[in-house]
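Asks: Sharing work01.txt here; it has compact mmCIF, C-alpha atoms.
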# COMPACT_ATOMS: atom_id res chain seq x y z
CA ARG A 19 0.00 0.00 0.00
CA MET A 20 2.81 2.40 0.87
CA VAL A 21 4.61 1.66 -2.41
CA ARG A 22 1.48 2.47 -4.39
CA GLU A 23 1.01 5.72 -2.46
CA VAL A 24 4.63 6.83 -3.00
CA LEU A 25 4.46 6.12 -6.73
CA LYS A 26 1.12 7.92 -6.98
CA ARG A 27 2.56 11.08 -5.40
CA VAL A 28 5.22 11.49 -8.09
CA GLU A 29 3.16 10.26 -11.04
CA HIS A 30 3.29 12.65 -14.02
CA THR A 31 5.80 14.92 -12.26
CA PRO A 32 9.49 15.62 -13.05
CA GLU A 33 10.42 13.60 -9.95
CA GLU A 34 8.89 10.43 -11.39
CA ARG A 35 12.04 9.58 -13.38
CA LYS A 36 14.27 10.25 -10.37
CA LEU A 37 12.51 7.85 -8.00
CA GLN A 38 13.40 4.19 -7.71
CA VAL A 39 11.30 2.10 -5.33
CA ILE A 40 12.73 -1.18 -4.05
CA GLN A 41 10.14 -3.35 -2.34
CA GLY A 42 11.30 -6.10 -0.02
CA ASP A 43 12.57 -7.13 3.40
CA ALA A 44 15.12 -4.48 4.46
CA LEU A 45 17.25 -7.10 6.21
CA LYS A 46 17.34 -9.51 3.27
CA THR A 47 17.36 -7.14 0.29
CA LYS A 48 20.70 -6.00 -1.11
CA TRP A 49 20.94 -2.25 -0.67
CA PRO A 50 22.14 -0.02 -3.52
CA PHE A 51 24.56 2.86 -3.07
CA PHE A 52 23.02 5.65 -1.02
CA ASP A 53 24.22 8.87 0.59
CA VAL A 54 21.53 9.38 3.25
CA CYS A 55 19.15 6.95 4.96
CA VAL A 56 15.99 8.23 6.65
CA ALA A 57 13.64 5.74 8.27
CA ASN A 58 11.00 5.11 10.91
CA VAL A 59 12.20 1.61 11.74
CA PRO A 60 9.92 -1.28 12.73
CA TYR A 61 11.19 -1.69 16.27
CA GLN A 62 11.51 -5.48 16.09
CA ILE A 63 14.26 -5.24 13.44
CA SER A 64 16.18 -2.34 14.99
CA SER A 65 19.27 -4.35 15.96
CA GLY A 66 19.55 -6.18 12.64
CA LEU A 67 19.11 -2.97 10.69
CA VAL A 68 21.79 -1.11 12.66
CA PHE A 69 24.33 -3.91 12.18
CA LYS A 70 23.55 -3.97 8.45
CA LEU A 71 24.05 -0.21 8.26
CA LEU A 72 27.37 -0.44 10.12
CA SER A 73 28.69 -2.97 7.60
CA HIS A 74 27.31 -1.25 4.49
CA ARG A 75 29.80 -0.30 1.80
CA PRO A 76 30.51 2.06 0.19
CA LEU A 77 30.30 4.40 3.19
CA PHE A 78 27.21 6.60 3.37
CA ARG A 79 27.10 10.16 4.72
CA CYS A 80 24.58 9.65 7.51
CA ALA A 81 21.45 7.82 8.63
CA VAL A 82 18.63 9.49 10.57
CA LEU A 83 16.44 6.86 12.22
CA MET A 84 13.68 6.59 14.78
CA PHE A 85 13.91 3.79 17.35
CA GLN A 86 12.27 2.74 20.58
CA GLU A 87 13.78 4.97 23.27
CA GLU A 88 15.59 2.24 25.20
CA PHE A 89 17.20 0.91 22.02
CA ALA A 90 18.26 4.41 20.94
CA LEU A 91 19.88 5.03 24.33
CA ARG A 92 21.80 1.75 24.08
CA LEU A 93 23.55 3.10 20.98
CA THR A 94 25.22 5.86 23.01
CA ALA A 95 25.44 4.16 26.44
CA ARG A 96 28.77 4.56 28.24
CA PRO A 97 30.78 2.09 30.37
CA GLY A 98 29.16 1.54 33.75
CA GLU A 99 25.66 2.46 32.59
CA ALA A 100 22.90 -0.16 32.80
CA LEU A 101 22.18 -0.02 29.05
CA TYR A 102 25.85 -0.49 28.02
CA CYS A 103 26.00 -3.64 25.89
CA ARG A 104 27.49 -5.31 22.80
CA LEU A 105 25.35 -3.06 20.60
CA SER A 106 26.80 0.04 22.32
CA VAL A 107 30.41 -1.05 21.87
CA ASN A 108 30.11 -2.18 18.25
CA THR A 109 28.15 0.89 17.19
CA GLN A 110 30.55 3.31 18.85
CA LEU A 111 33.56 1.50 17.34
CA LEU A 112 32.25 1.97 13.81
CA ALA A 113 30.15 5.14 14.01
CA LYS A 114 29.42 8.41 15.71
CA VAL A 115 25.87 8.51 17.09
CA ASP A 116 23.95 11.64 18.15
CA GLN A 117 20.64 11.67 20.02
CA LEU A 118 18.57 14.22 18.09
CA LEU A 119 15.17 14.34 19.77
CA LYS A 120 12.65 12.46 21.86
CA VAL A 121 9.29 11.58 20.31
CA ALA A 122 6.45 11.13 22.81
CA ARG A 123 4.02 8.27 22.32
CA ASN A 124 1.08 10.68 21.98
CA ASN A 125 2.47 11.77 18.60
CA PHE A 126 1.21 8.48 17.14
CA ARG A 127 -2.28 7.18 16.44
CA PRO A 128 -2.91 4.83 18.09
CA PRO A 129 -0.19 5.63 20.67
CA PRO A 130 2.33 2.80 21.27
CA LYS A 131 3.31 1.62 24.73
CA VAL A 132 6.85 3.02 24.47
CA GLU A 133 8.56 6.35 23.90
CA SER A 134 10.74 6.87 20.83
CA ARG A 135 13.90 8.74 19.87
CA VAL A 136 15.46 9.98 16.64
CA VAL A 137 19.21 9.43 16.23
CA ARG A 138 21.82 10.29 13.61
CA ILE A 139 24.45 7.68 12.70
CA GLU A 140 27.63 8.68 10.83
CA LEU A 141 30.13 5.94 9.96
CA ARG A 142 33.73 6.59 10.94
CA ASN A 143 35.81 7.36 7.86
CA PRO A 144 38.23 5.73 7.56
CA PRO A 145 36.93 2.71 9.48
CA PRO A 146 39.01 1.63 12.51
CA PRO A 147 41.91 -0.72 11.61
CA VAL A 148 40.52 -3.78 13.37
CA ASN A 149 39.30 -7.17 12.14
CA PHE A 150 35.60 -6.80 12.96
CA GLN A 151 34.94 -10.56 13.05
CA GLU A 152 37.70 -10.96 15.65
CA TRP A 153 36.46 -7.92 17.55
CA ASP A 154 32.83 -8.98 17.61
CA GLY A 155 33.77 -12.54 18.54
CA MET A 156 35.48 -11.23 21.68
CA ILE A 157 32.81 -8.64 22.48
CA ARG A 158 30.02 -11.22 22.10
CA LEU A 159 31.75 -13.55 24.56
CA LEU A 160 32.50 -10.87 27.13
CA PHE A 161 29.01 -9.34 27.07
CA ASN A 162 27.25 -12.67 27.50
CA ARG A 163 27.96 -12.05 31.20
CA LYS A 164 29.08 -8.45 31.21
CA ASN A 165 29.11 -8.05 35.02
CA LYS A 166 31.35 -11.07 35.61
CA THR A 167 35.13 -10.67 35.68
CA LEU A 168 37.04 -11.27 32.45
CA ARG A 169 38.68 -14.29 34.08
CA SER A 170 35.32 -15.80 35.02
CA VAL A 171 33.86 -15.31 31.53
CA LEU A 172 36.86 -16.62 29.58
CA SER A 173 37.80 -19.59 31.76
CA THR A 174 34.71 -21.68 31.03
CA LYS A 175 35.23 -25.01 29.26
CA PRO A 176 33.09 -24.10 26.19
CA THR A 177 35.06 -20.87 25.70
CA ILE A 178 38.43 -22.59 26.03
CA LYS A 179 37.36 -25.27 23.52
CA LEU A 180 36.17 -22.58 21.08
CA LEU A 181 39.50 -20.74 21.31
CA GLU A 182 41.47 -24.00 20.91
CA ASP A 183 39.49 -24.76 17.75
CA ASN A 184 40.15 -21.24 16.47
CA TYR A 185 43.88 -21.67 17.12
CA ARG A 186 44.01 -24.88 15.09
CA THR A 187 42.06 -23.24 12.26
CA HIS A 188 44.41 -20.24 12.13
CA MET A 189 47.49 -22.45 12.12
CA SER A 190 46.01 -24.58 9.34
CA LEU A 191 45.18 -21.51 7.22
CA LYS A 192 48.77 -20.28 7.61
CA GLY A 193 50.13 -23.72 6.73
CA ASP A 194 51.90 -24.01 10.09
CA ASP A 195 52.08 -27.01 12.39
CA VAL A 196 50.10 -26.92 15.61
CA ASP A 197 52.33 -26.29 18.63
CA MET A 198 51.52 -29.15 21.00
CA ASP A 199 52.76 -27.06 23.94
CA PHE A 200 50.37 -24.20 23.12
CA SER A 201 47.90 -23.81 25.99
CA VAL A 202 44.89 -21.55 25.54
CA GLU A 203 44.03 -21.88 29.21
CA LYS A 204 47.53 -20.82 30.29
CA ILE A 205 47.60 -17.80 27.96
CA LEU A 206 44.14 -16.63 29.06
CA GLU A 207 45.29 -16.85 32.67
CA GLU A 208 48.47 -14.86 31.90
CA VAL A 209 46.48 -12.05 30.30
CA VAL A 210 43.50 -11.69 32.61
CA THR A 211 45.57 -11.85 35.80
CA GLN A 212 47.73 -8.89 34.75
CA GLU A 213 47.24 -5.93 37.08
CA LYS A 214 45.40 -3.85 34.47
CA TRP A 215 42.87 -6.63 33.75
CA ALA A 216 42.55 -8.39 37.10
CA GLY A 217 39.03 -8.01 38.46
CA LYS A 218 37.88 -6.03 35.42
CA ARG A 219 34.42 -6.51 33.89
CA ALA A 220 33.22 -5.88 30.35
CA SER A 221 30.51 -3.57 31.67
CA LYS A 222 33.18 -1.09 32.84
CA LEU A 223 35.63 -1.24 29.89
CA ASP A 224 35.69 1.35 27.09
CA LEU A 225 36.66 1.05 23.42
CA ASP A 226 40.37 1.61 24.03
CA ASP A 227 40.36 -1.08 26.71
CA PHE A 228 38.74 -3.62 24.39
CA LEU A 229 41.13 -2.77 21.53
CA GLU A 230 44.13 -3.23 23.81
CA LEU A 231 42.75 -6.49 25.21
CA LEU A 232 42.10 -7.93 21.73
CA SER A 233 45.62 -6.94 20.64
CA GLU A 234 47.15 -8.70 23.65
CA PHE A 235 45.25 -11.90 22.90
CA ASN A 236 46.06 -11.82 19.16
CA GLU A 237 49.77 -11.27 19.82
CA ARG A 238 49.76 -14.46 21.92
CA GLY A 239 47.93 -16.49 19.26
CA ILE A 240 44.44 -16.30 20.75
CA HIS A 241 41.74 -15.60 18.15
CA PHE A 242 38.01 -15.08 18.57
CA ALA A 243 36.94 -15.86 15.00
Re-express the file's structure as C-alpha cells.

Replies:
Amino acid sequence: RMVREVLKRVEHTPEERKLQVIQGDALKTKWPFFDVCVANVPYQISSGLVFKLLSHRPLFRCAVLMFQEEFALRLTARPGEALYCRLSVNTQLLAKVDQLLKVARNNFRPPPKVESRVVRIELRNPPPPVNFQEWDGMIRLLFNRKNKTLRSVLSTKPTIKLLEDNYRTHMSLKGDDVDMDFSVEKILEEVVTQEKWAGKRASKLDLDDFLELLSEFNERGIHFA
C-alpha cells in the first residue's frame, strides 16, 4: 500500500524519473549505493538494521532513524551504565551517534506503549583498523555475562574449547604445524591476571580497553573468529 502511495505522489511529475522504489525485506534485500538513509524503523528489526548499516559499503554520509527509546539510548550508552552492551560497543567503534530528539508516544495514532527517539548515525571514515569478526567474537563472549570478571567469563570449558578450535584453524590456514605445547588456558590466565585486567568486567571497559585487550590476545595467538 505504501509503495502504491509513493508512486502515486510522483506520477506525471518531473520527480517520477528520479525515483526508484525497491520493495522487499530491508534485512534480506541488497541495498544499492546511497548517501543518506531516513527511516522510521519497525522496532523489532532495529538491531539487525543497525548492524547492516554499520557494515554497508561504500560508506554513506549519515542515517537518521527513529527507534524505541531504550534501544536508541543503548547506541550511546557509556561504560558503567545499565544499558551499556554489545550493541553500544560495536556501534561506537564503527560510528558516531547523536541523540537528536525524543518523540512522545502521543504523537502516534494509536499511541504505542513506548517512547521513541530519533538518532543520527555517521560511519567513521576511515573505518578503525581492526578485524571486525575478531572484535565482535570477543565482544560477544564478554558481554554474554558483562558483570562477571574477564577471568570468570573466559575460563569456562566451552570458551576454552572454542579458542582452541580457532587456534588450530588459524594455524592450518597459515600452513603451520600446531604447537603441542600451546595452551589456551595458560595464555588466558596470563592475560586476565595482569594488574590492568585483574578483576575487570566488560561492563566497565571502554573502546580503548577492548582494543588493547584484543591486541594482547592476538599477539599471543588467541583468536576469537

Asks: Give me, please, the distance in Å between atom CA of A:Glu87 and atom CA of A:Leu119, quoted to one decimal.

Replies: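 Separation between atom CA of A:Glu87 and atom CA of A:Leu119: 10.1 Å.
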
Asks: For atom CA of A:Leu101 and atom CA of A:Gln86, determine how far apart the two atoms are, in Å to one decimal place.

Replies: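 So the answer is 13.3 Å.
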
Asks: Smallest atom-to-atom distance to A:Met156: which of A:Asn236, A:Ser64, A:Ser73, A:Asn58, using only C-alpha atoms?

Replies: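 Nearest to A:Met156: A:Asn236.
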
Asks: Compile a residue-level contact table for stretch 62-159 of chain A against stretch 174-192 of chain A at a cut-off of 12 Å, reporting for every qualifying residue the shortest atom pair and its distance in Å to one decimal, with only C-alpha atoms counted, rows ordered by chain and ascending number, as CSV.

Replies:
residue,atom,partner,partner_atom,distance
A:Glu152,CA,A:Asn184,CA,10.6
A:Gly155,CA,A:Leu181,CA,10.4
A:Met156,CA,A:Leu181,CA,10.3
A:Arg158,CA,A:Thr177,CA,11.5
A:Leu159,CA,A:Thr177,CA,8.1

Asks: Between A:Cys103, A:Trp49, A:Gln62, A:Val56, which residue has the minimum interatomic distance to A:Phe161, considering all atoms listed in the file?

Replies: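 The answer is A:Cys103, which sits nearest to A:Phe161.
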
Asks: Given the choices A:Thr47, A:Ser173, A:Ser233, A:Thr31, which gets closest to A:Glu203 if the distance is worked out from all atoms listed in the file?

Replies: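 For A:Glu203, the nearest of the candidates is A:Ser173.
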
Asks: Can you take the partial stretch 196-207 of chain A, add all heavy atoms, and return it as a PDB file, keeping the file's coordinate frame?

Replies:
ATOM      1  N   VAL A 196      50.647 -27.262  14.301  1.00  0.00           N
ATOM      2  CA  VAL A 196      50.100 -26.920  15.610  1.00  0.00           C
ATOM      3  C   VAL A 196      51.166 -27.167  16.676  1.00  0.00           C
ATOM      4  O   VAL A 196      51.808 -28.225  16.702  1.00  0.00           O
ATOM      5  CB  VAL A 196      48.845 -27.765  15.912  1.00  0.00           C
ATOM      6  CG1 VAL A 196      48.391 -27.540  17.353  1.00  0.00           C
ATOM      7  CG2 VAL A 196      47.726 -27.416  14.940  1.00  0.00           C
ATOM      8  N   ASP A 197      51.383 -26.166  17.516  1.00  0.00           N
ATOM      9  CA  ASP A 197      52.330 -26.290  18.630  1.00  0.00           C
ATOM     10  C   ASP A 197      51.652 -27.083  19.741  1.00  0.00           C
ATOM     11  O   ASP A 197      50.701 -26.611  20.370  1.00  0.00           O
ATOM     12  CB  ASP A 197      52.730 -24.897  19.123  1.00  0.00           C
ATOM     13  CG  ASP A 197      53.754 -24.945  20.244  1.00  0.00           C
ATOM     14  OD1 ASP A 197      54.086 -26.052  20.707  1.00  0.00           O
ATOM     15  OD2 ASP A 197      54.217 -23.860  20.665  1.00  0.00           O
ATOM     16  N   MET A 198      52.146 -28.278  20.009  1.00  0.00           N
ATOM     17  CA  MET A 198      51.520 -29.150  21.000  1.00  0.00           C
ATOM     18  C   MET A 198      51.661 -28.596  22.413  1.00  0.00           C
ATOM     19  O   MET A 198      50.927 -29.005  23.324  1.00  0.00           O
ATOM     20  CB  MET A 198      52.125 -30.562  20.925  1.00  0.00           C
ATOM     21  CG  MET A 198      51.962 -31.225  19.558  1.00  0.00           C
ATOM     22  SD  MET A 198      50.241 -31.207  18.950  1.00  0.00           S
ATOM     23  CE  MET A 198      49.459 -32.272  20.151  1.00  0.00           C
ATOM     24  N   ASP A 199      52.595 -27.661  22.617  1.00  0.00           N
ATOM     25  CA  ASP A 199      52.760 -27.060  23.940  1.00  0.00           C
ATOM     26  C   ASP A 199      51.914 -25.803  24.122  1.00  0.00           C
ATOM     27  O   ASP A 199      51.921 -25.196  25.200  1.00  0.00           O
ATOM     28  CB  ASP A 199      54.245 -26.697  24.172  1.00  0.00           C
ATOM     29  CG  ASP A 199      55.121 -27.938  24.244  1.00  0.00           C
ATOM     30  OD1 ASP A 199      54.649 -28.966  24.753  1.00  0.00           O
ATOM     31  OD2 ASP A 199      56.277 -27.871  23.774  1.00  0.00           O
ATOM     32  N   PHE A 200      51.198 -25.408  23.056  1.00  0.00           N
ATOM     33  CA  PHE A 200      50.370 -24.200  23.120  1.00  0.00           C
ATOM     34  C   PHE A 200      49.164 -24.464  24.028  1.00  0.00           C
ATOM     35  O   PHE A 200      48.406 -25.405  23.820  1.00  0.00           O
ATOM     36  CB  PHE A 200      49.886 -23.826  21.720  1.00  0.00           C
ATOM     37  CG  PHE A 200      49.124 -22.528  21.647  1.00  0.00           C
ATOM     38  CD1 PHE A 200      49.779 -21.316  21.495  1.00  0.00           C
ATOM     39  CD2 PHE A 200      47.732 -22.512  21.733  1.00  0.00           C
ATOM     40  CE1 PHE A 200      49.085 -20.124  21.414  1.00  0.00           C
ATOM     41  CE2 PHE A 200      47.028 -21.336  21.666  1.00  0.00           C
ATOM     42  CZ  PHE A 200      47.705 -20.128  21.504  1.00  0.00           C
ATOM     43  N   SER A 201      48.994 -23.627  25.033  1.00  0.00           N
ATOM     44  CA  SER A 201      47.900 -23.810  25.990  1.00  0.00           C
ATOM     45  C   SER A 201      47.035 -22.560  26.038  1.00  0.00           C
ATOM     46  O   SER A 201      47.461 -21.521  26.554  1.00  0.00           O
ATOM     47  CB  SER A 201      48.449 -24.119  27.386  1.00  0.00           C
ATOM     48  OG  SER A 201      47.418 -24.069  28.353  1.00  0.00           O
ATOM     49  N   VAL A 202      45.837 -22.667  25.507  1.00  0.00           N
ATOM     50  CA  VAL A 202      44.890 -21.550  25.540  1.00  0.00           C
ATOM     51  C   VAL A 202      44.604 -21.147  26.980  1.00  0.00           C
ATOM     52  O   VAL A 202      44.603 -19.967  27.334  1.00  0.00           O
ATOM     53  CB  VAL A 202      43.581 -21.915  24.812  1.00  0.00           C
ATOM     54  CG1 VAL A 202      42.489 -20.891  25.125  1.00  0.00           C
ATOM     55  CG2 VAL A 202      43.807 -21.991  23.316  1.00  0.00           C
ATOM     56  N   GLU A 203      44.384 -22.151  27.814  1.00  0.00           N
ATOM     57  CA  GLU A 203      44.030 -21.880  29.210  1.00  0.00           C
ATOM     58  C   GLU A 203      45.146 -21.104  29.914  1.00  0.00           C
ATOM     59  O   GLU A 203      44.882 -20.149  30.666  1.00  0.00           O
ATOM     60  CB  GLU A 203      43.769 -23.212  29.929  1.00  0.00           C
ATOM     61  CG  GLU A 203      43.110 -23.046  31.279  1.00  0.00           C
ATOM     62  CD  GLU A 203      42.613 -24.378  31.834  1.00  0.00           C
ATOM     63  OE1 GLU A 203      42.767 -25.415  31.145  1.00  0.00           O
ATOM     64  OE2 GLU A 203      42.059 -24.360  32.952  1.00  0.00           O
ATOM     65  N   LYS A 204      46.391 -21.487  29.658  1.00  0.00           N
ATOM     66  CA  LYS A 204      47.530 -20.820  30.290  1.00  0.00           C
ATOM     67  C   LYS A 204      47.657 -19.374  29.817  1.00  0.00           C
ATOM     68  O   LYS A 204      47.881 -18.461  30.620  1.00  0.00           O
ATOM     69  CB  LYS A 204      48.811 -21.586  29.989  1.00  0.00           C
ATOM     70  CG  LYS A 204      50.054 -20.976  30.627  1.00  0.00           C
ATOM     71  CD  LYS A 204      51.289 -21.799  30.287  1.00  0.00           C
ATOM     72  CE  LYS A 204      52.536 -21.167  30.887  1.00  0.00           C
ATOM     73  NZ  LYS A 204      53.768 -21.950  30.560  1.00  0.00           N
ATOM     74  N   ILE A 205      47.481 -19.151  28.507  1.00  0.00           N
ATOM     75  CA  ILE A 205      47.600 -17.800  27.960  1.00  0.00           C
ATOM     76  C   ILE A 205      46.480 -16.898  28.478  1.00  0.00           C
ATOM     77  O   ILE A 205      46.713 -15.744  28.843  1.00  0.00           O
ATOM     78  CB  ILE A 205      47.599 -17.840  26.421  1.00  0.00           C
ATOM     79  CG1 ILE A 205      48.864 -18.546  25.925  1.00  0.00           C
ATOM     80  CG2 ILE A 205      47.510 -16.436  25.836  1.00  0.00           C
ATOM     81  CD1 ILE A 205      48.895 -18.792  24.434  1.00  0.00           C
ATOM     82  N   LEU A 206      45.257 -17.417  28.506  1.00  0.00           N
ATOM     83  CA  LEU A 206      44.140 -16.630  29.060  1.00  0.00           C
ATOM     84  C   LEU A 206      44.448 -16.207  30.482  1.00  0.00           C
ATOM     85  O   LEU A 206      44.225 -15.055  30.866  1.00  0.00           O
ATOM     86  CB  LEU A 206      42.849 -17.458  29.022  1.00  0.00           C
ATOM     87  CG  LEU A 206      42.214 -17.723  27.661  1.00  0.00           C
ATOM     88  CD1 LEU A 206      41.031 -18.672  27.811  1.00  0.00           C
ATOM     89  CD2 LEU A 206      41.758 -16.429  27.011  1.00  0.00           C
ATOM     90  N   GLU A 207      44.974 -17.147  31.268  1.00  0.00           N
ATOM     91  CA  GLU A 207      45.290 -16.850  32.670  1.00  0.00           C
ATOM     92  C   GLU A 207      46.375 -15.775  32.768  1.00  0.00           C
ATOM     93  O   GLU A 207      46.298 -14.870  33.606  1.00  0.00           O
ATOM     94  CB  GLU A 207      45.747 -18.140  33.374  1.00  0.00           C
ATOM     95  CG  GLU A 207      45.969 -18.001  34.864  1.00  0.00           C
ATOM     96  CD  GLU A 207      44.690 -17.853  35.668  1.00  0.00           C
ATOM     97  OE1 GLU A 207      43.592 -18.034  35.089  1.00  0.00           O
ATOM     98  OE2 GLU A 207      44.781 -17.545  36.872  1.00  0.00           O
TER      99      GLU A 207
END
